[in-house]
Amino acid sequence: DNMLSPEILMKLEEKKMTLDYMYDMEAHEIGSMLRHPAAGKQVKSCLECFPNVKLEATVQPITRSVLRVRLMIEAAFKWRDVSHGNSLRWHIWVEDSDNEHIYHSEVMHLTKKASREGPQAVAFTIPIFEPLPPQYYIRCICDGWYSAEAMLTLSFHNLILPQKHPPHTELLDLDPLPLEALDHPDFISMYQGKFTHFNAIQTQAFHTLYHTDHNVLLGAPTGSGKTISSELAMMRAFKEYPEMKVIYIAPLKALVKERITDWRKGLCVKLKKRMVELTGDYTPDMRSLLGADLIVATPEKWDGISRNWQNRSYVKKVSLLVIDEIHLLGADRGP
């Protein structure tokens with residue numbers, strides 16, 4: 001059953017019986033076409049084991065030039081250890097309608113276990129251009145198996161892109177602000193001995209963060225001082241709304257621990273604020289939550305306690321919500 005004889009293969013070629021042609025045929029129909037009734041069952045058995053996958057995809061515009069694709073790959077064949085081994089390697093790529101450009105490529109290893117667990121998800125982003133092309137193509141080709149491939153058309157016929165908005169607030173030509181701009185001795189003491197002036201990014205956002213209640217989306221490279229920028233907003237919240245709470249959400253427990261360690265030695269001591277940790281490892285009691293000025297949490301835990309917010313006073317008493325690493329939004333470990 002593992003291999004077809006040369007004679008059967010020659011008959012298949014003579015009859016021009018392709019894989020696609022035979023997939024929908026019954027064993028007796030294949031045997032009749034080959035004039036070899038006993039061979040029909042053997043050919044059908046091999047067809048059922050030939051690597052084949054079903055593809056489904058959803059497309060989500062992130063911006064007018066970037067799409068997020070979630071591709072579901074489902075094994076549509078019977079796994080045979082002697083033929084497939086422990087895993088099969090599939091090459092996945094996205095190409096344009098003219099087959100001139102490849103916008104994404106990656107390799108996925110499909111194991112025997114995964115093939116039995118149902119559709120496997122693969123997520124990635126691809127660029128999109130205006131005017132919109134009619135479609136892209138997703139191809140999935142098995143390494144080592146001739147003609148073991150699948151193709152899916154991504155149609156953009158009904159795709160609605162986000163409205164055009166300015167990409168960011170226009171940057172101002174500003175000199176770095178000194179610490180004295182905080183105009184509050186306790187706030188200034190938090191940074192004395194560390195630096196004398198705020199950096200360019202902190203200076204740009206200083207007025208909005210420290211003097212207004214406007215919502216802010218701050219995008220900047222790692223190590224550019226976004227944490228201090230968030231502290232500026234926290235200082236305003238503590239100053240203007242002393243009876244309210246500040247919520248700081250980080251996607252990973254390790255990042256929560258890092259903030260807890262840093263602020264317990266600095267911010268909490270200098271400003272005399274009470275802070276609690278809300279993670280899978282530690283859930284404070286109701287009294288601690290009610291008495292906290294600052295709650296540092298993971299998305300899962302904050303989501304859990306904020307769902308029934310109408311009946312929880314400490315959730316209704318939030319003046320500021322800070323979400324760190326928001327570029328992970330929608331990802332497996334994101335908020």
# chains A, B, ... in the order shown; residues from 1 in each chain; ligands from 1
$ residues_around --residues "stretch 190-207 of chain A" --least-positions-apart "3" --cutoff "12 Å" --atoms "only C-alpha atoms" --output "PDB file with N, CA and C atoms, in the first residue's frame"
ATOM      1  N   HIS A 168       0.966  61.425  12.950  1.00  0.00           N
ATOM      2  CA  HIS A 168       1.402  61.766  14.307  1.00  0.00           C
ATOM      3  C   HIS A 168       1.276  63.272  14.500  1.00  0.00           C
ATOM      4  N   THR A 169       1.375  63.683  15.739  1.00  0.00           N
ATOM      5  CA  THR A 169       1.386  65.112  16.047  1.00  0.00           C
ATOM      6  C   THR A 169       2.671  65.734  15.505  1.00  0.00           C
ATOM      7  N   GLU A 170       2.525  66.889  14.893  1.00  0.00           N
ATOM      8  CA  GLU A 170       3.704  67.553  14.338  1.00  0.00           C
ATOM      9  C   GLU A 170       4.703  67.873  15.456  1.00  0.00           C
ATOM     10  N   LEU A 171       5.959  67.516  15.226  1.00  0.00           N
ATOM     11  CA  LEU A 171       6.992  67.745  16.234  1.00  0.00           C
ATOM     12  C   LEU A 171       7.386  69.216  16.278  1.00  0.00           C
ATOM     13  N   LEU A 172       7.630  69.693  17.480  1.00  0.00           N
ATOM     14  CA  LEU A 172       8.010  71.089  17.683  1.00  0.00           C
ATOM     15  C   LEU A 172       9.512  71.203  17.879  1.00  0.00           C
ATOM     16  N   ASP A 173      10.036  72.367  17.534  1.00  0.00           N
ATOM     17  CA  ASP A 173      11.470  72.630  17.710  1.00  0.00           C
ATOM     18  C   ASP A 173      11.674  73.173  19.124  1.00  0.00           C
ATOM     19  N   LEU A 174      11.938  72.259  20.063  1.00  0.00           N
ATOM     20  CA  LEU A 174      12.018  72.632  21.474  1.00  0.00           C
ATOM     21  C   LEU A 174      13.391  72.307  22.047  1.00  0.00           C
ATOM     22  N   ASP A 175      13.806  73.111  23.006  1.00  0.00           N
ATOM     23  CA  ASP A 175      15.006  72.802  23.784  1.00  0.00           C
ATOM     24  C   ASP A 175      14.612  71.865  24.922  1.00  0.00           C
ATOM     25  N   PRO A 176      15.500  70.972  25.324  1.00  0.00           N
ATOM     26  CA  PRO A 176      15.182  70.048  26.424  1.00  0.00           C
ATOM     27  C   PRO A 176      14.752  70.802  27.680  1.00  0.00           C
ATOM     28  N   LEU A 177      13.677  70.339  28.278  1.00  0.00           N
ATOM     29  CA  LEU A 177      13.164  70.983  29.488  1.00  0.00           C
ATOM     30  C   LEU A 177      13.958  70.540  30.713  1.00  0.00           C
ATOM     31  N   PRO A 178      14.267  71.465  31.634  1.00  0.00           N
ATOM     32  CA  PRO A 178      14.944  71.078  32.876  1.00  0.00           C
ATOM     33  C   PRO A 178      13.961  70.442  33.854  1.00  0.00           C
ATOM     34  N   LEU A 179      14.487  69.781  34.861  1.00  0.00           N
ATOM     35  CA  LEU A 179      13.629  69.155  35.879  1.00  0.00           C
ATOM     36  C   LEU A 179      12.741  70.175  36.580  1.00  0.00           C
ATOM     37  N   GLU A 180      13.228  71.404  36.638  1.00  0.00           N
ATOM     38  CA  GLU A 180      12.466  72.435  37.352  1.00  0.00           C
ATOM     39  C   GLU A 180      11.113  72.707  36.705  1.00  0.00           C
ATOM     40  N   ALA A 181      10.914  72.241  35.464  1.00  0.00           N
ATOM     41  CA  ALA A 181       9.627  72.440  34.798  1.00  0.00           C
ATOM     42  C   ALA A 181       8.508  71.698  35.528  1.00  0.00           C
ATOM     43  N   LEU A 182       8.871  70.709  36.347  1.00  0.00           N
ATOM     44  CA  LEU A 182       7.869  69.988  37.132  1.00  0.00           C
ATOM     45  C   LEU A 182       7.232  70.873  38.194  1.00  0.00           C
ATOM     46  N   HIS A 184       7.500  71.100  41.311  1.00  0.00           N
ATOM     47  CA  HIS A 184       6.984  70.375  42.483  1.00  0.00           C
ATOM     48  C   HIS A 184       8.175  69.660  43.115  1.00  0.00           C
ATOM     49  N   PRO A 185       8.534  70.014  44.334  1.00  0.00           N
ATOM     50  CA  PRO A 185       9.761  69.474  44.937  1.00  0.00           C
ATOM     51  C   PRO A 185       9.776  67.943  45.038  1.00  0.00           C
ATOM     52  N   ASP A 186       8.646  67.338  45.361  1.00  0.00           N
ATOM     53  CA  ASP A 186       8.625  65.875  45.477  1.00  0.00           C
ATOM     54  C   ASP A 186       8.835  65.206  44.122  1.00  0.00           C
ATOM     55  N   PHE A 187       8.232  65.765  43.089  1.00  0.00           N
ATOM     56  CA  PHE A 187       8.399  65.204  41.752  1.00  0.00           C
ATOM     57  C   PHE A 187       9.842  65.364  41.269  1.00  0.00           C
ATOM     58  N   TYR A 210       1.672  66.349  31.301  1.00  0.00           N
ATOM     59  CA  TYR A 210       1.774  66.903  32.660  1.00  0.00           C
ATOM     60  C   TYR A 210       0.747  67.999  32.946  1.00  0.00           C
ATOM     61  N   HIS A 211       0.226  68.635  31.873  1.00  0.00           N
ATOM     62  CA  HIS A 211      -0.663  69.771  32.091  1.00  0.00           C
ATOM     63  C   HIS A 211      -2.068  69.585  31.524  1.00  0.00           C
ATOM     64  N   THR A 212      -2.339  68.465  30.882  1.00  0.00           N
ATOM     65  CA  THR A 212      -3.683  68.244  30.323  1.00  0.00           C
ATOM     66  C   THR A 212      -4.161  66.826  30.650  1.00  0.00           C
ATOM     67  N   ASP A 213      -5.424  66.588  30.369  1.00  0.00           N
ATOM     68  CA  ASP A 213      -6.006  65.256  30.544  1.00  0.00           C
ATOM     69  C   ASP A 213      -6.275  64.586  29.194  1.00  0.00           C
ATOM     70  N   HIS A 214      -5.576  65.021  28.162  1.00  0.00           N
ATOM     71  CA  HIS A 214      -5.777  64.441  26.833  1.00  0.00           C
ATOM     72  C   HIS A 214      -5.244  63.006  26.792  1.00  0.00           C
ATOM     73  N   ASN A 215      -5.908  62.188  25.978  1.00  0.00           N
ATOM     74  CA  ASN A 215      -5.380  60.841  25.722  1.00  0.00           C
ATOM     75  C   ASN A 215      -4.137  60.942  24.847  1.00  0.00           C
ATOM     76  N   VAL A 216      -3.174  60.045  25.090  1.00  0.00           N
ATOM     77  CA  VAL A 216      -1.898  60.091  24.367  1.00  0.00           C
ATOM     78  C   VAL A 216      -1.516  58.691  23.906  1.00  0.00           C
ATOM     79  N   LEU A 217      -1.120  58.570  22.644  1.00  0.00           N
ATOM     80  CA  LEU A 217      -0.478  57.365  22.133  1.00  0.00           C
ATOM     81  C   LEU A 217       0.956  57.743  21.823  1.00  0.00           C
ATOM     82  N   LEU A 218       1.887  57.214  22.610  1.00  0.00           N
ATOM     83  CA  LEU A 218       3.295  57.588  22.473  1.00  0.00           C
ATOM     84  C   LEU A 218       4.072  56.424  21.866  1.00  0.00           C
ATOM     85  N   GLY A 219       4.552  56.620  20.654  1.00  0.00           N
ATOM     86  CA  GLY A 219       5.355  55.594  19.992  1.00  0.00           C
ATOM     87  C   GLY A 219       6.793  56.052  19.889  1.00  0.00           C
ATOM     88  N   ALA A 220       7.685  55.281  20.469  1.00  0.00           N
ATOM     89  CA  ALA A 220       9.108  55.641  20.465  1.00  0.00           C
ATOM     90  C   ALA A 220       9.930  54.371  20.657  1.00  0.00           C
ATOM     91  N   PRO A 221      11.201  54.385  20.224  1.00  0.00           N
ATOM     92  CA  PRO A 221      12.037  53.175  20.318  1.00  0.00           C
ATOM     93  C   PRO A 221      12.268  52.741  21.762  1.00  0.00           C
ATOM     94  N   THR A 222      12.686  51.501  21.925  1.00  0.00           N
ATOM     95  CA  THR A 222      13.059  50.981  23.241  1.00  0.00           C
ATOM     96  C   THR A 222      14.211  51.801  23.816  1.00  0.00           C
ATOM     97  N   GLY A 223      14.108  52.128  25.094  1.00  0.00           N
ATOM     98  CA  GLY A 223      15.176  52.880  25.754  1.00  0.00           C
ATOM     99  C   GLY A 223      15.116  54.372  25.528  1.00  0.00           C
ATOM    100  N   SER A 224      14.009  54.876  24.992  1.00  0.00           N
ATOM    101  CA  SER A 224      13.922  56.314  24.703  1.00  0.00           C
ATOM    102  C   SER A 224      13.217  57.097  25.808  1.00  0.00           C
ATOM    103  N   GLY A 225      12.877  56.433  26.911  1.00  0.00           N
ATOM    104  CA  GLY A 225      12.323  57.158  28.051  1.00  0.00           C
ATOM    105  C   GLY A 225      10.808  57.189  28.109  1.00  0.00           C
ATOM    106  N   LYS A 226      10.157  56.182  27.539  1.00  0.00           N
ATOM    107  CA  LYS A 226       8.683  56.165  27.582  1.00  0.00           C
ATOM    108  C   LYS A 226       8.161  55.951  29.002  1.00  0.00           C
ATOM    109  N   THR A 227       8.912  55.216  29.833  1.00  0.00           N
ATOM    110  CA  THR A 227       8.454  54.990  31.209  1.00  0.00           C
ATOM    111  C   THR A 227       8.396  56.296  31.981  1.00  0.00           C
ATOM    112  N   ILE A 228       9.407  57.133  31.820  1.00  0.00           N
ATOM    113  CA  ILE A 228       9.397  58.438  32.491  1.00  0.00           C
ATOM    114  C   ILE A 228       8.258  59.290  31.943  1.00  0.00           C
ATOM    115  N   SER A 229       7.980  59.169  30.643  1.00  0.00           N
ATOM    116  CA  SER A 229       6.850  59.902  30.065  1.00  0.00           C
ATOM    117  C   SER A 229       5.549  59.484  30.739  1.00  0.00           C
ATOM    118  N   SER A 230       5.402  58.185  30.984  1.00  0.00           N
ATOM    119  CA  SER A 230       4.191  57.724  31.666  1.00  0.00           C
ATOM    120  C   SER A 230       4.151  58.240  33.102  1.00  0.00           C
ATOM    121  N   GLU A 231       5.316  58.365  33.721  1.00  0.00           N
ATOM    122  CA  GLU A 231       5.363  58.896  35.088  1.00  0.00           C
ATOM    123  C   GLU A 231       4.916  60.352  35.144  1.00  0.00           C
ATOM    124  N   LEU A 232       5.146  61.106  34.069  1.00  0.00           N
ATOM    125  CA  LEU A 232       4.672  62.497  34.025  1.00  0.00           C
ATOM    126  C   LEU A 232       3.149  62.538  34.116  1.00  0.00           C
ATOM    127  N   ALA A 233       2.495  61.640  33.375  1.00  0.00           N
ATOM    128  CA  ALA A 233       1.032  61.574  33.434  1.00  0.00           C
ATOM    129  C   ALA A 233       0.568  61.101  34.814  1.00  0.00           C
ATOM    130  N   MET A 235       2.129  61.614  37.655  1.00  0.00           N
ATOM    131  CA  MET A 235       2.285  62.727  38.597  1.00  0.00           C
ATOM    132  C   MET A 235       1.097  63.681  38.526  1.00  0.00           C
ATOM    133  N   ARG A 236       0.662  63.971  37.291  1.00  0.00           N
ATOM    134  CA  ARG A 236      -0.502  64.856  37.162  1.00  0.00           C
ATOM    135  C   ARG A 236      -1.728  64.225  37.817  1.00  0.00           C
ATOM    136  N   ASP A 262      11.203  48.804  40.709  1.00  0.00           N
ATOM    137  CA  ASP A 262      11.712  50.156  40.492  1.00  0.00           C
ATOM    138  C   ASP A 262      10.895  51.193  41.267  1.00  0.00           C
ATOM    139  N   TRP A 263       9.583  51.115  41.167  1.00  0.00           N
ATOM    140  CA  TRP A 263       8.738  52.130  41.804  1.00  0.00           C
ATOM    141  C   TRP A 263       8.669  51.971  43.317  1.00  0.00           C
ATOM    142  N   ARG A 264       8.858  50.758  43.808  1.00  0.00           N
ATOM    143  CA  ARG A 264       8.836  50.566  45.261  1.00  0.00           C
ATOM    144  C   ARG A 264      10.008  51.302  45.911  1.00  0.00           C
ATOM    145  N   LYS A 265      11.128  51.376  45.198  1.00  0.00           N
ATOM    146  CA  LYS A 265      12.303  52.077  45.733  1.00  0.00           C
ATOM    147  C   LYS A 265      12.276  53.573  45.447  1.00  0.00           C
ATOM    148  N   GLY A 266      11.583  53.973  44.393  1.00  0.00           N
ATOM    149  CA  GLY A 266      11.609  55.372  43.988  1.00  0.00           C
ATOM    150  C   GLY A 266      10.292  56.091  44.176  1.00  0.00           C
ATOM    151  N   LEU A 267       9.389  55.926  43.243  1.00  0.00           N
ATOM    152  CA  LEU A 267       8.141  56.682  43.211  1.00  0.00           C
ATOM    153  C   LEU A 267       7.346  56.549  44.507  1.00  0.00           C
ATOM    154  N   CYS A 268       7.191  55.330  44.997  1.00  0.00           N
ATOM    155  CA  CYS A 268       6.365  55.120  46.195  1.00  0.00           C
ATOM    156  C   CYS A 268       6.972  55.778  47.426  1.00  0.00           C
ATOM    157  N   VAL A 269       8.297  55.750  47.523  1.00  0.00           N
ATOM    158  CA  VAL A 269       8.971  56.353  48.668  1.00  0.00           C
ATOM    159  C   VAL A 269       8.911  57.877  48.584  1.00  0.00           C
ATOM    160  N   LYS A 270       9.253  58.418  47.398  1.00  0.00           N
ATOM    161  CA  LYS A 270       9.312  59.880  47.237  1.00  0.00           C
ATOM    162  C   LYS A 270       7.928  60.516  47.344  1.00  0.00           C
ATOM    163  N   LEU A 271       6.923  59.856  46.779  1.00  0.00           N
ATOM    164  CA  LEU A 271       5.589  60.461  46.738  1.00  0.00           C
ATOM    165  C   LEU A 271       4.650  59.912  47.801  1.00  0.00           C
ATOM    166  N   LYS A 272       5.160  58.949  48.603  1.00  0.00           N
ATOM    167  CA  LYS A 272       4.355  58.343  49.679  1.00  0.00           C
ATOM    168  C   LYS A 272       3.054  57.741  49.133  1.00  0.00           C
TER     169      LYS A 272
END
$ select_by_dssp --residues "stretch 82-319 of chain A" --states "strand (DSSP E)" --output "PyMOL selection string"
chain A and resi 87-96+102-111+120-127+135-142+149-155+245-249+275-278+294-297+318-319
$ residues_around --residues "A:Pro134" --least-positions-apart "4" --cutoff "12 Å" --atoms "only C-alpha atoms" --output "PyMOL selection string"
chain A and resi 96-98+128-130+153-159
$ write_last_selection --atoms "all heavy atoms" --output "CSV table (one decimal), in the first residue's frame"
chain,number,residue,atom,x,y,z
A,96,ASP,N,1.9,38.9,-5.2
A,96,ASP,CA,0.9,39.8,-5.8
A,96,ASP,C,0.3,39.1,-7.0
A,96,ASP,O,0.7,38.0,-7.4
A,96,ASP,CB,1.5,41.1,-6.2
A,96,ASP,CG,2.6,41.0,-7.2
A,96,ASP,OD1,2.9,39.9,-7.6
A,96,ASP,OD2,3.1,42.0,-7.7
A,97,SER,N,-0.7,39.7,-7.6
A,97,SER,CA,-1.5,39.1,-8.6
A,97,SER,C,-0.7,38.9,-9.9
A,97,SER,O,-1.0,38.1,-10.7
A,97,SER,CB,-2.8,39.9,-8.9
A,97,SER,OG,-2.4,41.3,-9.2
A,98,ASP,N,0.4,39.7,-10.0
A,98,ASP,CA,1.2,39.5,-11.2
A,98,ASP,C,2.4,38.6,-11.0
A,98,ASP,O,3.3,38.5,-11.9
A,98,ASP,CB,1.8,40.9,-11.7
A,98,ASP,CG,0.6,41.9,-12.1
A,98,ASP,OD1,-0.3,41.4,-12.7
A,98,ASP,OD2,0.7,43.1,-11.8
A,128,ILE,N,0.2,46.8,1.8
A,128,ILE,CA,-0.9,47.0,0.8
A,128,ILE,C,-0.6,48.4,0.2
A,128,ILE,O,-0.1,49.3,0.8
A,128,ILE,CB,-2.3,46.9,1.4
A,128,ILE,CG1,-3.3,46.8,0.3
A,128,ILE,CG2,-2.5,48.0,2.4
A,128,ILE,CD1,-3.4,45.4,-0.4
A,129,PHE,N,-1.0,48.5,-1.1
A,129,PHE,CA,-0.7,49.7,-1.8
A,129,PHE,C,-2.0,50.3,-2.5
A,129,PHE,O,-2.9,49.5,-2.7
A,129,PHE,CB,0.4,49.5,-2.9
A,129,PHE,CG,1.6,48.9,-2.3
A,129,PHE,CD1,1.8,47.5,-2.4
A,129,PHE,CD2,2.6,49.6,-1.7
A,129,PHE,CE1,2.9,46.9,-1.9
A,129,PHE,CE2,3.7,49.1,-1.2
A,129,PHE,CZ,3.9,47.7,-1.3
A,130,GLU,N,-2.0,51.6,-2.7
A,130,GLU,CA,-3.1,52.2,-3.3
A,130,GLU,C,-2.7,52.7,-4.7
A,130,GLU,O,-1.6,53.2,-4.9
A,130,GLU,CB,-3.7,53.4,-2.5
A,130,GLU,CG,-4.2,52.9,-1.1
A,130,GLU,CD,-4.8,54.0,-0.4
A,130,GLU,OE1,-5.9,54.5,-0.8
A,130,GLU,OE2,-4.3,54.4,0.7
A,153,THR,N,-6.8,32.6,-2.6
A,153,THR,CA,-6.9,34.0,-3.1
A,153,THR,C,-7.3,34.9,-2.0
A,153,THR,O,-8.4,34.7,-1.4
A,153,THR,CB,-7.8,34.0,-4.3
A,153,THR,OG1,-7.3,33.2,-5.3
A,153,THR,CG2,-7.9,35.4,-4.9
A,154,LEU,N,-6.6,36.0,-1.8
A,154,LEU,CA,-7.0,37.0,-0.8
A,154,LEU,C,-7.6,38.1,-1.7
A,154,LEU,O,-6.9,38.9,-2.3
A,154,LEU,CB,-5.8,37.5,0.0
A,154,LEU,CG,-5.3,36.7,1.1
A,154,LEU,CD1,-4.1,37.5,1.8
A,154,LEU,CD2,-6.3,36.4,2.1
A,155,SER,N,-8.9,38.2,-1.7
A,155,SER,CA,-9.6,39.2,-2.5
A,155,SER,C,-9.7,40.5,-1.7
A,155,SER,O,-10.1,40.5,-0.5
A,155,SER,CB,-11.0,38.7,-2.9
A,155,SER,OG,-11.7,39.8,-3.6
A,156,PHE,N,-9.5,41.6,-2.3
A,156,PHE,CA,-9.6,42.9,-1.7
A,156,PHE,C,-10.8,43.7,-2.2
A,156,PHE,O,-10.9,44.9,-2.0
A,156,PHE,CB,-8.3,43.8,-1.9
A,156,PHE,CG,-7.1,43.1,-1.4
A,156,PHE,CD1,-5.9,43.1,-2.1
A,156,PHE,CD2,-7.1,42.4,-0.2
A,156,PHE,CE1,-4.8,42.5,-1.6
A,156,PHE,CE2,-5.9,41.8,0.3
A,156,PHE,CZ,-4.8,41.9,-0.4
A,157,HIS,N,-11.7,43.0,-2.8
A,157,HIS,CA,-12.9,43.6,-3.4
A,157,HIS,C,-13.7,44.4,-2.4
A,157,HIS,O,-14.1,45.5,-2.7
A,157,HIS,CB,-13.8,42.6,-4.1
A,157,HIS,CG,-15.0,43.1,-4.7
A,157,HIS,ND1,-14.9,44.0,-5.8
A,157,HIS,CD2,-16.3,43.0,-4.5
A,157,HIS,CE1,-16.1,44.4,-6.2
A,157,HIS,NE2,-17.0,43.8,-5.4
A,158,ASN,N,-13.9,43.9,-1.2
A,158,ASN,CA,-14.8,44.5,-0.2
A,158,ASN,C,-13.9,45.0,1.0
A,158,ASN,O,-14.5,45.3,2.1
A,158,ASN,CB,-15.8,43.6,0.3
A,158,ASN,CG,-16.8,43.2,-0.7
A,158,ASN,OD1,-17.3,44.0,-1.5
A,158,ASN,ND2,-17.2,41.9,-0.8
A,159,LEU,N,-12.6,45.2,0.8
A,159,LEU,CA,-11.8,45.6,1.9
A,159,LEU,C,-11.9,47.1,2.1
A,159,LEU,O,-11.9,47.9,1.2
A,159,LEU,CB,-10.3,45.3,1.5
A,159,LEU,CG,-9.3,45.7,2.6
A,159,LEU,CD1,-9.4,44.8,3.8
A,159,LEU,CD2,-7.8,45.5,2.0
$ select_by_dssp --residues "stretch 236-280 of chain A" --states "helix (DSSP H, G or I)" --output "number ranges by chain"
A: 236-240, 253-265, 267-271
$ residues_around --residues "A:Gly280" --least-positions-apart "4" --cutoff "12 Å" --atoms "only C-alpha atoms" --output "number ranges by chain"
A: 251-254, 256-257, 284, 297-302, 304
$ closest_atom_pairs --of "stretch 114-232 of chain A" --to "stretch 61-73 of chain A" --cutoff "8 Å" --atoms "only C-alpha atoms" --output "JSON lines"
{"residue": "A:Pro119", "atom": "CA", "partner": "A:Ile73", "partner_atom": "CA", "distance": 5.1}
{"residue": "A:Gln120", "atom": "CA", "partner": "A:Ile73", "partner_atom": "CA", "distance": 5.1}
{"residue": "A:Ala121", "atom": "CA", "partner": "A:Met72", "partner_atom": "CA", "distance": 4.7}
{"residue": "A:Val122", "atom": "CA", "partner": "A:Leu71", "partner_atom": "CA", "distance": 5.1}
{"residue": "A:Ala123", "atom": "CA", "partner": "A:Arg70", "partner_atom": "CA", "distance": 4.4}
{"residue": "A:Phe124", "atom": "CA", "partner": "A:Val69", "partner_atom": "CA", "distance": 5.5}
{"residue": "A:Thr125", "atom": "CA", "partner": "A:Arg68", "partner_atom": "CA", "distance": 4.4}
{"residue": "A:Ile126", "atom": "CA", "partner": "A:Leu67", "partner_atom": "CA", "distance": 5.3}
{"residue": "A:Pro127", "atom": "CA", "partner": "A:Val66", "partner_atom": "CA", "distance": 4.6}
{"residue": "A:Ile128", "atom": "CA", "partner": "A:Ser65", "partner_atom": "CA", "distance": 4.8}
{"residue": "A:Phe129", "atom": "CA", "partner": "A:Ser65", "partner_atom": "CA", "distance": 6.0}
{"residue": "A:Ile160", "atom": "CA", "partner": "A:Pro61", "partner_atom": "CA", "distance": 7.8}
{"residue": "A:Leu161", "atom": "CA", "partner": "A:Arg64", "partner_atom": "CA", "distance": 5.5}
{"residue": "A:Pro162", "atom": "CA", "partner": "A:Arg64", "partner_atom": "CA", "distance": 5.8}
{"residue": "A:Gln163", "atom": "CA", "partner": "A:Arg64", "partner_atom": "CA", "distance": 7.6}
{"residue": "A:Lys164", "atom": "CA", "partner": "A:Arg64", "partner_atom": "CA", "distance": 7.5}
$ write_last_selection --atoms "N, CA and C atoms" --output "PDB file, in the first residue's frame"
ATOM      1  N   PRO A 119      -7.140  22.816  12.661  1.00  0.00           N
ATOM      2  CA  PRO A 119      -6.457  23.917  11.963  1.00  0.00           C
ATOM      3  C   PRO A 119      -5.379  24.568  12.821  1.00  0.00           C
ATOM      4  N   GLN A 120      -4.240  24.862  12.183  1.00  0.00           N
ATOM      5  CA  GLN A 120      -3.131  25.547  12.841  1.00  0.00           C
ATOM      6  C   GLN A 120      -3.103  27.001  12.367  1.00  0.00           C
ATOM      7  N   ALA A 121      -2.934  27.926  13.312  1.00  0.00           N
ATOM      8  CA  ALA A 121      -2.986  29.355  12.988  1.00  0.00           C
ATOM      9  C   ALA A 121      -1.592  29.912  12.736  1.00  0.00           C
ATOM     10  N   VAL A 122      -1.478  30.709  11.695  1.00  0.00           N
ATOM     11  CA  VAL A 122      -0.254  31.448  11.383  1.00  0.00           C
ATOM     12  C   VAL A 122      -0.662  32.903  11.157  1.00  0.00           C
ATOM     13  N   ALA A 123      -0.063  33.834  11.886  1.00  0.00           N
ATOM     14  CA  ALA A 123      -0.405  35.254  11.762  1.00  0.00           C
ATOM     15  C   ALA A 123       0.808  36.044  11.282  1.00  0.00           C
ATOM     16  N   PHE A 124       0.578  36.993  10.400  1.00  0.00           N
ATOM     17  CA  PHE A 124       1.668  37.825   9.888  1.00  0.00           C
ATOM     18  C   PHE A 124       1.076  39.102   9.294  1.00  0.00           C
ATOM     19  N   THR A 125       1.934  40.056   8.986  1.00  0.00           N
ATOM     20  CA  THR A 125       1.498  41.312   8.363  1.00  0.00           C
ATOM     21  C   THR A 125       2.094  41.415   6.963  1.00  0.00           C
ATOM     22  N   ILE A 126       1.350  42.077   6.078  1.00  0.00           N
ATOM     23  CA  ILE A 126       1.802  42.292   4.709  1.00  0.00           C
ATOM     24  C   ILE A 126       1.504  43.732   4.321  1.00  0.00           C
ATOM     25  N   PRO A 127       2.266  44.291   3.387  1.00  0.00           N
ATOM     26  CA  PRO A 127       1.987  45.656   2.923  1.00  0.00           C
ATOM     27  C   PRO A 127       0.855  45.664   1.901  1.00  0.00           C
ATOM     28  N   ILE A 128       0.186  46.792   1.796  1.00  0.00           N
ATOM     29  CA  ILE A 128      -0.854  46.982   0.786  1.00  0.00           C
ATOM     30  C   ILE A 128      -0.642  48.359   0.170  1.00  0.00           C
ATOM     31  N   PHE A 129      -0.997  48.498  -1.089  1.00  0.00           N
ATOM     32  CA  PHE A 129      -0.714  49.740  -1.803  1.00  0.00           C
ATOM     33  C   PHE A 129      -1.987  50.262  -2.452  1.00  0.00           C
ATOM     34  N   ILE A 160     -12.191  47.470   3.371  1.00  0.00           N
ATOM     35  CA  ILE A 160     -12.354  48.873   3.756  1.00  0.00           C
ATOM     36  C   ILE A 160     -11.145  49.284   4.585  1.00  0.00           C
ATOM     37  N   LEU A 161     -10.389  50.240   4.086  1.00  0.00           N
ATOM     38  CA  LEU A 161      -9.193  50.709   4.782  1.00  0.00           C
ATOM     39  C   LEU A 161      -9.557  51.809   5.774  1.00  0.00           C
ATOM     40  N   PRO A 162      -8.733  51.987   6.828  1.00  0.00           N
ATOM     41  CA  PRO A 162      -8.991  53.076   7.786  1.00  0.00           C
ATOM     42  C   PRO A 162      -8.952  54.428   7.093  1.00  0.00           C
ATOM     43  N   GLN A 163      -9.638  55.398   7.680  1.00  0.00           N
ATOM     44  CA  GLN A 163      -9.640  56.736   7.116  1.00  0.00           C
ATOM     45  C   GLN A 163      -8.245  57.353   7.202  1.00  0.00           C
ATOM     46  N   LYS A 164      -7.997  58.306   6.333  1.00  0.00           N
ATOM     47  CA  LYS A 164      -6.703  58.968   6.334  1.00  0.00           C
ATOM     48  C   LYS A 164      -6.649  59.973   7.482  1.00  0.00           C
TER      49      LYS A 164
END
$ atom_distance --atom1 "atom CA of A:His28" --atom2 "atom CA of A:Ser45"
12.1 Å
$ residues_around --residues "A:Trp90" --least-positions-apart "6" --cutoff "10 Å" --atoms "only C-alpha atoms" --output "VMD selection string"
chain A and resid 53 106 to 110 139 to 145 148 to 149
